[in-house]
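S.K.: Have a look at the structure that comes next, please.
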Amino acid sequence: MRCPIPVRNERRVLCIFPAYAHSFGTFSHAYPLMWRVRAFMPPQGLLVIAAYLPERWSIRFVDENLRPTTEADFAWGDVVLVSGMHVQAPQIRDITRRARAAGKTTVLGGPSVSAAPEMYPDVDYLHMGEIGDATDELIACLDRSIARPDAQMRFATKERLPLYDFPIPAYDLLPLGRYLLGSLQFSSGCPYRCEFCDIPALYGRQPRLKSPPQLIAELESIVAQRAHPGLVYFVDDNFIGNRKAAREILPHLVAWQKKNDYPLRFACEATLNLAKQTEILALMREAQFQTVFVGIETPEADALKAMRKEQNATLPMMEAIATLNSYGLEVTSGIILGLDTDTADTEARLKQFIDRSNIPVLTINLLQALPKTPLWERLARDGRIVEDASLESNVRFLRPYDEVVEMWRRCIAYAYDPERLFARLAYQVDATYANRIEAPVRGRLKAANLRQGATLAVNLLLRVGWWSDYRRAFWSAARRALQRGQIDAALSMGFVAHHLIQFAREAIRGEQNASFYSMRTRDEAVLQPTHMRRRMEPATLVDARDQTR
Ligand code: SF4
């Protein structure tokens with residue numbers, strides 16, 4: 001639904017989504033291999049807000065991961081509306097500074113300001129929390145006047161808009177074909193209480209849900225664009241946060257896929273205990289879920305207990321990963337280093353886990369304390385929060401800082417050594433990809449998809465299969481996939497590995513941050529809102545983020 005507040009005045013709202021810094025999860029090194037892809041995923045939260053604004057108001061949408069906001073954009077808008085996560089804080093400040101310089105009123109919403117409004121003293125209006133009564137108050141206020149207020153005004157949501165009343169995100173304001181993945185949200189909130197995570201505090205422990213028709217309408221809206229990503233990512237904090245709801249929505253997705261000849265494939269995030277839900281897994285397989293991000297965080301049982309993530313230890317980890325693989329789900333994993341429980345053996349255990357699990361993509365980050373988390377409170381009590389922008393983390397580790405960062409570098413080097421990485425990808429050919437259903441290709445036979453496939457194939461052949469120093473490892477894995485007729489898998493393992501190897505080499509040279517959440521800034525990341533940076537999408541005012549994503 002749109003905002004129910006009647007408005008009297010025309011307004012021009014310029015919505016700007018800040019660029020992301022490079023990370024393992026953005027696959028930015030893969031974009032040059034693809035046809036027109038320039039960013040990772042559409043900004044779900046800001047698109048929902050754009051769709052909620054009064055019909056009478058004009059909206060212009062700029063995702064700075066696709067292009068910078070121009071002077072003409074700023075000149076057009078009456079109000080500049082920005083949303084973002086902590087990791088985008090430097091870019092958020094840069095956008096609001098440019099907007100003020102253009103004489104515009106600034107509004108900031110999203111997860112970062114919701115958790116830490118004090119970080120943004122120069123913004124005119126702060127919107128804290130999810131879309132709800134505060135959004136309506138803000139709209140009424142902007143309808144009355146677009147002049148900059150004398151002092152900052154804050155609006156905090158007390159009553160959230162039910163998810164089943166959310167409008168379809170304004171996908172039509174963006175060229176979806178320029179994104180690597182599509183984004184979709186089914187639920188918000190998570191019932192668990194992992195120590196480092198701010199989801200329960202921000203979005204509640206009782207997952208709230210959209211209705212099946214709503215979700216199908218959003219899918220229709222995505223595929224309505226001539227060019228759109230073939231893989232759509234459920235940005236829910238935990239897809240099985242409400243298991244009953246997941247079981248109930250999946251048959252609708254299966255039916256929609258069948259009716260439309262399987263135009264899309266899906267990915268999501270879930271806790272590892274998904275492996276116990278065989279009925280859900282069977283439906284996910286039928287709906288064409290192909291990847292699941294699991295915040296594994298650590299293979300060490302004591303560490304899981306200390307961070308209150310025991311749900312990952314309800315069954316043996318390797319067994320759980322093998323079960324997910326057996327339903328055609330490739331597991332992507334988040335890992336945290338710098339935990340209080342880390343010992344001299346942590347590095348060896350992690351390397352052993354990488355080898356034994358055969359998980360190809362692991363985002364390995366240093367622990368970061370986010371505001372509004374139990375971790376933050378504990379560390380603040382103990383005087384272990386460090387505000388030093390030159391460091392990779394705001395946590396004073398129990399082990400020496402340099403040792404932890406060096407361990408991170410060695411683990412990255414180990415995980416993304418080309419031979420090892422392609423060996424893990426080759427493992428997936430039989431262990432995972434062979435277990436996927438064979439869906440008809442008719443639904444994907446679009447001119448844009450064919451052009452994308454042809455462009456990727458040619459670029460991979462040249463840049464990875466011919467010019468790269470890891471071509472031998474690539475061909476060994478790709479041959480295995482091709483021998484089993486898995487052409488899509490051969491292509492995707494090429495571009496995934498190309499990004500990971502390039503990014504890891506930059507990280508080892510010290511050109512990338514050791515934590516996705518690190519506030520450590522690099523000049524180019526702050527000052528140049530270029531196309532090729534970001535990682536995972538904030539789905540919010542409905543953001544999704546494990547520490548490790
Ligand atoms: S880390 Fe994942 S499982 Fe834990 S509370 Fe956050 S969203 Fe839930």
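Residues in the structure tokens are named by chain (A, B, ... in the order shown) and by number from 1 within that chain; ligands are numbered from 1 in the order shown.
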Using only C-alpha atoms and all ligand atoms, what are the residues with an atom within 8 Å of ligand 1, set out as a tab-separated table (two decimals) with N, CA and C atoms, in the first residue's frame?
M.R.:
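Result file follows (part19.tsv):
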```tsv
chain	number	residue	atom	x	y	z
A	189	GLY	N	12.99	-10.16	10.66
A	189	GLY	CA	13.17	-10.55	12.06
A	189	GLY	C	13.72	-11.96	12.17
A	190	CYS	N	14.24	-12.28	13.33
A	190	CYS	CA	14.82	-13.61	13.55
A	190	CYS	C	14.65	-13.99	15.02
A	191	PRO	N	14.25	-15.26	15.27
A	191	PRO	CA	13.96	-15.66	16.65
A	191	PRO	C	15.21	-15.88	17.52
A	192	TYR	N	16.39	-15.91	16.92
A	192	TYR	CA	17.59	-16.24	17.70
A	192	TYR	C	18.19	-14.98	18.32
A	193	ARG	N	19.24	-15.20	19.12
A	193	ARG	CA	19.85	-14.07	19.85
A	193	ARG	C	21.36	-14.12	19.76
A	194	CYS	N	21.91	-14.27	18.57
A	194	CYS	CA	23.37	-14.34	18.46
A	194	CYS	C	23.96	-13.04	19.01
A	195	GLU	N	25.03	-13.17	19.75
A	195	GLU	CA	25.53	-12.04	20.53
A	195	GLU	C	25.90	-10.83	19.67
A	196	PHE	N	26.44	-11.08	18.47
A	196	PHE	CA	26.97	-9.99	17.65
A	196	PHE	C	25.92	-9.34	16.75
A	197	CYS	N	24.71	-9.88	16.72
A	197	CYS	CA	23.75	-9.51	15.66
A	197	CYS	C	22.73	-8.50	16.16
A	198	ASP	N	22.43	-7.51	15.34
A	198	ASP	CA	21.46	-6.48	15.74
A	198	ASP	C	20.06	-6.71	15.15
A	199	ILE	N	19.89	-7.80	14.43
A	199	ILE	CA	18.58	-8.06	13.82
A	199	ILE	C	17.46	-8.18	14.87
A	200	PRO	N	17.64	-8.99	15.92
A	200	PRO	CA	16.53	-9.12	16.88
A	200	PRO	C	16.15	-7.77	17.50
A	237	ASP	N	16.44	-12.12	6.94
A	237	ASP	CA	17.52	-12.38	7.88
A	237	ASP	C	17.72	-13.88	8.08
A	238	ASN	N	16.63	-14.59	8.08
A	238	ASN	CA	16.69	-16.04	8.24
A	238	ASN	C	15.45	-16.63	7.56
A	241	GLY	N	13.26	-18.46	9.73
A	241	GLY	CA	12.97	-17.84	11.03
A	241	GLY	C	11.60	-18.29	11.52
A	270	ALA	N	19.97	-18.61	5.76
A	270	ALA	CA	19.26	-19.41	6.77
A	270	ALA	C	20.25	-19.93	7.80
A	271	THR	N	19.71	-20.35	8.92
A	271	THR	CA	20.57	-20.97	9.94
A	271	THR	C	20.82	-22.42	9.52
A	295	GLY	N	25.38	-18.38	8.16
A	295	GLY	CA	26.35	-17.74	9.04
A	295	GLY	C	26.96	-18.79	9.95
A	309	LYS	N	25.15	-18.97	19.52
A	309	LYS	CA	24.66	-19.45	18.23
A	309	LYS	C	24.60	-20.97	18.26
A	311	GLN	N	22.26	-22.84	17.75
A	311	GLN	CA	21.42	-23.45	16.70
A	311	GLN	C	22.25	-24.05	15.58
A	544	ALA	N	19.27	-6.78	6.11
A	544	ALA	CA	19.65	-8.14	6.44
A	544	ALA	C	21.14	-8.17	6.63
A	545	ARG	N	21.61	-8.63	7.69
A	545	ARG	CA	23.04	-8.79	7.80
A	545	ARG	C	23.50	-9.63	8.95
A	546	ASP	N	24.14	-10.69	8.61
A	546	ASP	CA	24.92	-11.40	9.59
A	546	ASP	C	26.24	-10.66	9.68
A	547	GLN	N	26.93	-10.89	10.74
A	547	GLN	CA	28.24	-10.27	10.93
A	547	GLN	C	29.13	-10.56	9.72
```
S.K.: If you run DSSP on the backbone here, which positions in range 325-376 of chain A get helix (DSSP H, G or I)? Please write them as a VMD selection string.
M.R.: chain A and resid 325 to 326 346 to 357 374 to 376
S.K.: Kindly save the residues from that selection, with C-alpha atoms included, as a PDB file, in the first residue's frame.
M.R.:
```
ATOM      1  CA  ASN A 325      24.253 -30.169  -0.751  1.00  0.00           C
ATOM      2  CA  SER A 326      22.149 -33.286  -1.296  1.00  0.00           C
ATOM      3  CA  THR A 346      41.888 -21.516  15.506  1.00  0.00           C
ATOM      4  CA  GLU A 347      43.682 -20.972  12.216  1.00  0.00           C
ATOM      5  CA  ALA A 348      44.447 -24.666  11.740  1.00  0.00           C
ATOM      6  CA  ARG A 349      40.865 -25.612  12.630  1.00  0.00           C
ATOM      7  CA  LEU A 350      39.464 -23.113  10.143  1.00  0.00           C
ATOM      8  CA  LYS A 351      41.719 -24.380   7.358  1.00  0.00           C
ATOM      9  CA  GLN A 352      40.679 -27.927   8.150  1.00  0.00           C
ATOM     10  CA  PHE A 353      37.029 -26.834   8.041  1.00  0.00           C
ATOM     11  CA  ILE A 354      37.519 -25.209   4.634  1.00  0.00           C
ATOM     12  CA  ASP A 355      39.027 -28.428   3.261  1.00  0.00           C
ATOM     13  CA  ARG A 356      36.516 -30.790   4.807  1.00  0.00           C
ATOM     14  CA  SER A 357      33.365 -28.773   4.130  1.00  0.00           C
ATOM     15  CA  PRO A 374      24.667  -7.700  23.319  1.00  0.00           C
ATOM     16  CA  LEU A 375      28.267  -7.906  22.098  1.00  0.00           C
ATOM     17  CA  TRP A 376      28.546  -4.123  21.998  1.00  0.00           C
TER      18      TRP A 376
END
```
S.K.: I need the residue nearest Arg208 in chain A from this list: A:Ile240, A:Leu421, A:Met307, A:Val48. Use only C-alpha atoms for the distance.
M.R.: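 Nearest candidate to Arg208 in chain A out of A:Ile240, A:Leu421, A:Met307, A:Val48: A:Ile240.
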S.K.: Just the residues within 7 Å of Phe24 in chain A, please, counting only C-alpha atoms, with nothing from its chain fewer than 5 positions along; format it as a PyMOL selection string.
M.R.: chain A and resi 363+500+503
S.K.: Write the residues of the selection above to a file with N, CA and C atoms, as a PDB file, in the first residue's frame.
M.R.:
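So result.pdb came out as:
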```
ATOM      1  N   THR A 363      33.008 -15.914   3.372  1.00  0.00           N
ATOM      2  CA  THR A 363      33.379 -14.531   3.674  1.00  0.00           C
ATOM      3  C   THR A 363      33.997 -14.552   5.068  1.00  0.00           C
ATOM      4  N   LEU A 500      36.836 -13.985  -6.555  1.00  0.00           N
ATOM      5  CA  LEU A 500      37.406 -14.326  -5.242  1.00  0.00           C
ATOM      6  C   LEU A 500      38.931 -14.305  -5.274  1.00  0.00           C
ATOM      7  N   PHE A 503      40.057 -10.647  -5.554  1.00  0.00           N
ATOM      8  CA  PHE A 503      39.819  -9.907  -4.310  1.00  0.00           C
ATOM      9  C   PHE A 503      40.782 -10.373  -3.221  1.00  0.00           C
TER      10      PHE A 503
END
```
S.K.: Find the residues near Ser112 in chain A: any atom within 7 Å, counting only C-alpha atoms, skip ones fewer than 6 places away on the same chain, and give them as number ranges by chain.
M.R.: A: 84-86
S.K.: Keeping only N, CA and C atoms, take the residues you just selected and write them out as a CSV table (one decimal), in the first residue's frame.
M.R.:
```csv
chain,number,residue,atom,x,y,z
A,84,GLY,N,21.0,3.5,4.3
A,84,GLY,CA,22.2,2.7,4.2
A,84,GLY,C,22.6,2.0,5.5
A,85,MET,N,23.6,1.2,5.5
A,85,MET,CA,24.1,0.4,6.6
A,85,MET,C,25.3,1.1,7.2
A,86,HIS,N,25.8,0.6,8.4
A,86,HIS,CA,27.0,1.2,9.0
A,86,HIS,C,28.1,1.2,8.0
```
S.K.: If you run DSSP on this backbone, which residues of range 38-282 of chain A come out as strand (DSSP E), and could you give them as a PyMOL selection string?
M.R.: chain A and resi 58-63+79-83+105-109+125-128+153-156+182-184+187-188+208-209+231-234+265-269
S.K.: How would the residues just picked look written out with N, CA and C atoms as a compact mmCIF listing (two decimals), in the first residue's frame?
M.R.:
```txt
# COMPACT_ATOMS: atom_id res chain seq x y z
N SER A 58 6.80 13.15 -7.06
CA SER A 58 7.67 12.59 -8.10
C SER A 58 8.92 12.01 -7.43
N ILE A 59 9.35 10.88 -7.95
CA ILE A 59 10.52 10.21 -7.37
C ILE A 59 11.59 10.05 -8.45
N ARG A 60 12.82 10.34 -8.09
CA ARG A 60 13.96 9.97 -8.94
C ARG A 60 14.88 9.11 -8.07
N PHE A 61 15.38 8.03 -8.64
CA PHE A 61 16.13 7.06 -7.84
C PHE A 61 17.53 6.91 -8.40
N VAL A 62 18.52 7.11 -7.54
CA VAL A 62 19.91 6.92 -7.98
C VAL A 62 20.57 5.89 -7.05
N ASP A 63 21.06 4.83 -7.62
CA ASP A 63 21.88 3.88 -6.86
C ASP A 63 23.33 4.19 -7.24
N VAL A 79 13.88 17.33 -1.93
CA VAL A 79 14.33 16.64 -0.73
C VAL A 79 15.23 15.48 -1.16
N VAL A 80 16.29 15.24 -0.41
CA VAL A 80 17.17 14.12 -0.73
C VAL A 80 17.00 13.06 0.36
N LEU A 81 16.59 11.86 -0.05
CA LEU A 81 16.31 10.77 0.89
C LEU A 81 17.36 9.68 0.71
N VAL A 82 18.05 9.36 1.80
CA VAL A 82 19.17 8.41 1.74
C VAL A 82 18.91 7.27 2.73
N SER A 83 19.40 6.08 2.41
CA SER A 83 19.30 4.96 3.33
C SER A 83 20.59 4.16 3.25
N THR A 105 17.18 19.80 1.42
CA THR A 105 16.83 19.22 2.71
C THR A 105 17.18 17.74 2.67
N THR A 106 17.78 17.24 3.75
CA THR A 106 18.23 15.85 3.74
C THR A 106 17.44 15.01 4.75
N VAL A 107 17.16 13.77 4.31
CA VAL A 107 16.45 12.81 5.16
C VAL A 107 17.26 11.52 5.14
N LEU A 108 17.46 10.92 6.30
CA LEU A 108 18.21 9.66 6.35
C LEU A 108 17.41 8.61 7.11
N GLY A 109 17.24 7.43 6.48
CA GLY A 109 16.61 6.29 7.15
C GLY A 109 17.50 5.08 6.98
N TYR A 125 16.55 15.48 8.76
CA TYR A 125 15.52 14.60 9.32
C TYR A 125 16.06 13.18 9.44
N LEU A 126 15.91 12.59 10.61
CA LEU A 126 16.31 11.19 10.78
C LEU A 126 15.05 10.34 10.92
N HIS A 127 15.05 9.23 10.19
CA HIS A 127 13.94 8.27 10.28
C HIS A 127 14.51 7.00 10.89
N MET A 128 14.02 6.66 12.09
CA MET A 128 14.62 5.52 12.78
C MET A 128 13.60 4.38 12.89
N MET A 153 15.46 17.03 13.20
CA MET A 153 14.21 16.42 13.68
C MET A 153 14.31 14.91 13.53
N ARG A 154 13.82 14.20 14.54
CA ARG A 154 13.91 12.74 14.53
C ARG A 154 12.52 12.11 14.58
N PHE A 155 12.32 11.10 13.78
CA PHE A 155 11.06 10.35 13.77
C PHE A 155 11.39 8.88 14.02
N ALA A 156 10.82 8.31 15.07
CA ALA A 156 11.12 6.91 15.39
C ALA A 156 9.84 6.07 15.29
N GLY A 182 18.87 -10.36 -8.33
CA GLY A 182 17.65 -9.65 -7.96
C GLY A 182 17.48 -9.77 -6.44
N SER A 183 16.61 -8.95 -5.86
CA SER A 183 16.39 -9.05 -4.42
C SER A 183 14.90 -9.10 -4.13
N LEU A 184 14.58 -9.82 -3.06
CA LEU A 184 13.18 -10.04 -2.70
C LEU A 184 13.14 -10.24 -1.19
N SER A 187 10.26 -12.14 4.73
CA SER A 187 10.03 -11.97 6.16
C SER A 187 11.06 -11.01 6.75
N SER A 188 10.77 -10.56 7.97
CA SER A 188 11.71 -9.68 8.67
C SER A 188 11.78 -10.12 10.12
N ARG A 208 8.01 -11.38 10.91
CA ARG A 208 6.78 -10.89 10.27
C ARG A 208 6.83 -11.23 8.79
N LEU A 209 5.68 -11.40 8.17
CA LEU A 209 5.66 -12.06 6.87
C LEU A 209 4.85 -11.31 5.83
N LEU A 231 19.04 -14.85 -11.06
CA LEU A 231 19.05 -15.38 -9.70
C LEU A 231 18.52 -14.30 -8.76
N VAL A 232 17.51 -14.66 -7.96
CA VAL A 232 16.91 -13.69 -7.05
C VAL A 232 17.22 -14.11 -5.61
N TYR A 233 17.72 -13.15 -4.84
CA TYR A 233 18.18 -13.41 -3.47
C TYR A 233 17.11 -12.98 -2.46
N PHE A 234 16.68 -13.92 -1.64
CA PHE A 234 15.78 -13.56 -0.54
C PHE A 234 16.63 -12.90 0.55
N ARG A 265 16.01 -18.51 -10.59
CA ARG A 265 16.56 -19.38 -9.55
C ARG A 265 16.67 -18.52 -8.29
N PHE A 266 16.72 -19.17 -7.15
CA PHE A 266 16.69 -18.42 -5.90
C PHE A 266 17.88 -18.73 -5.00
N ALA A 267 18.17 -17.76 -4.12
CA ALA A 267 19.17 -17.95 -3.07
C ALA A 267 18.59 -17.32 -1.81
N CYS A 268 19.06 -17.74 -0.66
CA CYS A 268 18.55 -17.17 0.60
C CYS A 268 19.59 -17.31 1.70
N GLU A 269 19.24 -16.79 2.87
CA GLU A 269 20.09 -16.94 4.05
C GLU A 269 19.30 -17.72 5.09
```
S.K.: Given only C-alpha atoms as the basis, pick out the residue of A:Gly328, A:Pro32, A:Gly77, A:Pro371 nearest to Asp430 in chain A.
M.R.: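 Ranking A:Gly328, A:Pro32, A:Gly77, A:Pro371 by distance to Asp430 in chain A, first place goes to A:Gly328.
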S.K.: Between A:Val235, A:Glu300, A:Arg285, A:Leu66, which residue has the minimum interatomic distance to Glu330 in chain A, considering only C-alpha atoms?
M.R.: A:Arg285
S.K.: Excluding Ala507 in chain A and residues on its chain fewer than 2 positions from it, collect all residues at most 12 Å away from it, counting only C-alpha atoms, and give them as a list in words.
M.R.: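 My reading of the contact set: His22, Ser23, Phe24, Ile364, Asn365, Val405, Glu406, Trp408, Arg409, Arg410, Cys411, Ile412, Ala413, Tyr416, Leu500, Ile501, Gln502, Phe503, Ala504, Arg505, Arg509, Gly510, Glu511, Gln512, Asn513, Ala514, Ser515 and Phe516 of chain A.
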S.K.: Residues as selected, N, CA and C atoms, written as a short mmCIF file (atom, residue, chain, number, x, y, z; two decimals), in the first residue's frame, can you do that?
M.R.:
```cif
data_model
loop_
_atom_site.label_atom_id
_atom_site.label_comp_id
_atom_site.auth_asym_id
_atom_site.auth_seq_id
_atom_site.Cartn_x
_atom_site.Cartn_y
_atom_site.Cartn_z
N HIS A 22 34.27 -2.39 -1.84
CA HIS A 22 34.48 -3.75 -2.35
C HIS A 22 34.41 -4.74 -1.21
N SER A 23 33.92 -5.92 -1.48
CA SER A 23 34.06 -7.00 -0.49
C SER A 23 34.02 -8.33 -1.22
N PHE A 24 34.26 -9.40 -0.48
CA PHE A 24 34.20 -10.73 -1.09
C PHE A 24 32.82 -10.97 -1.68
N ILE A 364 35.29 -14.30 5.12
CA ILE A 364 36.01 -14.38 6.39
C ILE A 364 36.27 -12.94 6.86
N ASN A 365 35.65 -12.58 7.96
CA ASN A 365 35.75 -11.20 8.47
C ASN A 365 36.26 -11.17 9.89
N VAL A 405 45.02 -9.94 12.58
CA VAL A 405 44.95 -9.50 11.18
C VAL A 405 45.82 -10.40 10.29
N GLU A 406 46.96 -10.78 10.79
CA GLU A 406 47.83 -11.68 10.01
C GLU A 406 47.18 -13.04 9.82
N TRP A 408 44.02 -13.56 9.68
CA TRP A 408 42.99 -13.33 8.66
C TRP A 408 43.61 -13.40 7.26
N ARG A 409 44.76 -12.74 7.09
CA ARG A 409 45.41 -12.75 5.76
C ARG A 409 45.78 -14.17 5.35
N ARG A 410 46.34 -14.93 6.30
CA ARG A 410 46.77 -16.29 5.95
C ARG A 410 45.56 -17.17 5.61
N CYS A 411 44.46 -16.97 6.33
CA CYS A 411 43.26 -17.78 6.05
C CYS A 411 42.68 -17.43 4.68
N ILE A 412 42.68 -16.14 4.35
CA ILE A 412 42.19 -15.71 3.03
C ILE A 412 43.08 -16.33 1.95
N ALA A 413 44.38 -16.25 2.16
CA ALA A 413 45.31 -16.79 1.16
C ALA A 413 45.08 -18.29 0.98
N TYR A 416 41.55 -18.98 -0.78
CA TYR A 416 41.42 -18.56 -2.19
C TYR A 416 42.66 -18.81 -3.02
N LEU A 500 36.84 -13.99 -6.56
CA LEU A 500 37.41 -14.33 -5.24
C LEU A 500 38.93 -14.30 -5.27
N ILE A 501 39.49 -14.83 -6.34
CA ILE A 501 40.97 -14.86 -6.43
C ILE A 501 41.52 -13.44 -6.52
N GLN A 502 40.89 -12.61 -7.36
CA GLN A 502 41.38 -11.23 -7.50
C GLN A 502 41.23 -10.47 -6.19
N PHE A 503 40.06 -10.65 -5.55
CA PHE A 503 39.82 -9.91 -4.31
C PHE A 503 40.78 -10.37 -3.22
N ALA A 504 40.98 -11.68 -3.14
CA ALA A 504 41.89 -12.21 -2.11
C ALA A 504 43.29 -11.66 -2.32
N ARG A 505 43.72 -11.58 -3.56
CA ARG A 505 45.07 -11.05 -3.81
C ARG A 505 45.17 -9.59 -3.35
N ARG A 509 47.49 -8.13 -0.24
CA ARG A 509 48.39 -6.98 -0.43
C ARG A 509 48.02 -5.81 0.50
N GLY A 510 46.96 -5.97 1.28
CA GLY A 510 46.55 -4.91 2.21
C GLY A 510 45.70 -3.83 1.55
N GLU A 511 45.11 -4.17 0.39
CA GLU A 511 44.31 -3.16 -0.31
C GLU A 511 42.82 -3.27 0.00
N GLN A 512 42.44 -4.25 0.82
CA GLN A 512 41.03 -4.41 1.20
C GLN A 512 40.92 -4.56 2.70
N ASN A 513 39.75 -4.20 3.23
CA ASN A 513 39.55 -4.30 4.67
C ASN A 513 39.40 -5.74 5.12
N ALA A 514 39.77 -5.99 6.37
CA ALA A 514 39.65 -7.34 6.93
C ALA A 514 38.29 -7.58 7.55
N SER A 515 37.45 -6.56 7.53
CA SER A 515 36.10 -6.78 8.04
C SER A 515 35.15 -6.04 7.14
N PHE A 516 34.08 -6.73 6.76
CA PHE A 516 33.09 -6.04 5.94
C PHE A 516 32.53 -4.84 6.70
#
```
S.K.: Identify which of the residues A:Gly204, A:Pro6, A:Pro263, A:Pro213 lies closest to Glu137 in chain A, counting only C-alpha atoms when measuring atom-to-atom distances.
M.R.: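 Result for the nearest residue to Glu137 in chain A: A:Pro6.
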S.K.: Which polymer residues have any atom within 12 Å of an atom of Glu71 in chain A, counting only C-alpha atoms, with same-chain residues fewer than 5 positions away left out, as a list in words?
M.R.: Leu14, Trp76, Gly77, Ile95, Arg98, Ala99, Arg100, Ala101, Ala102, Gly103 and Lys104 of chain A
S.K.: With distances taken over only C-alpha atoms, which residue among A:Val386, A:Leu33, A:Ala50, A:Ala147 lies nearest Leu462 in chain A?
M.R.: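 Ranked by minimum distance to Leu462 in chain A, first place goes to A:Leu33.
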S.K.: Report, in Å with one decimal, the straight-line distance from CA of Phe422 in chain A to CA of Phe474 in chain A.
M.R.: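 According to the coordinates, CA of Phe422 in chain A and CA of Phe474 in chain A are separated by 6.2 Å.
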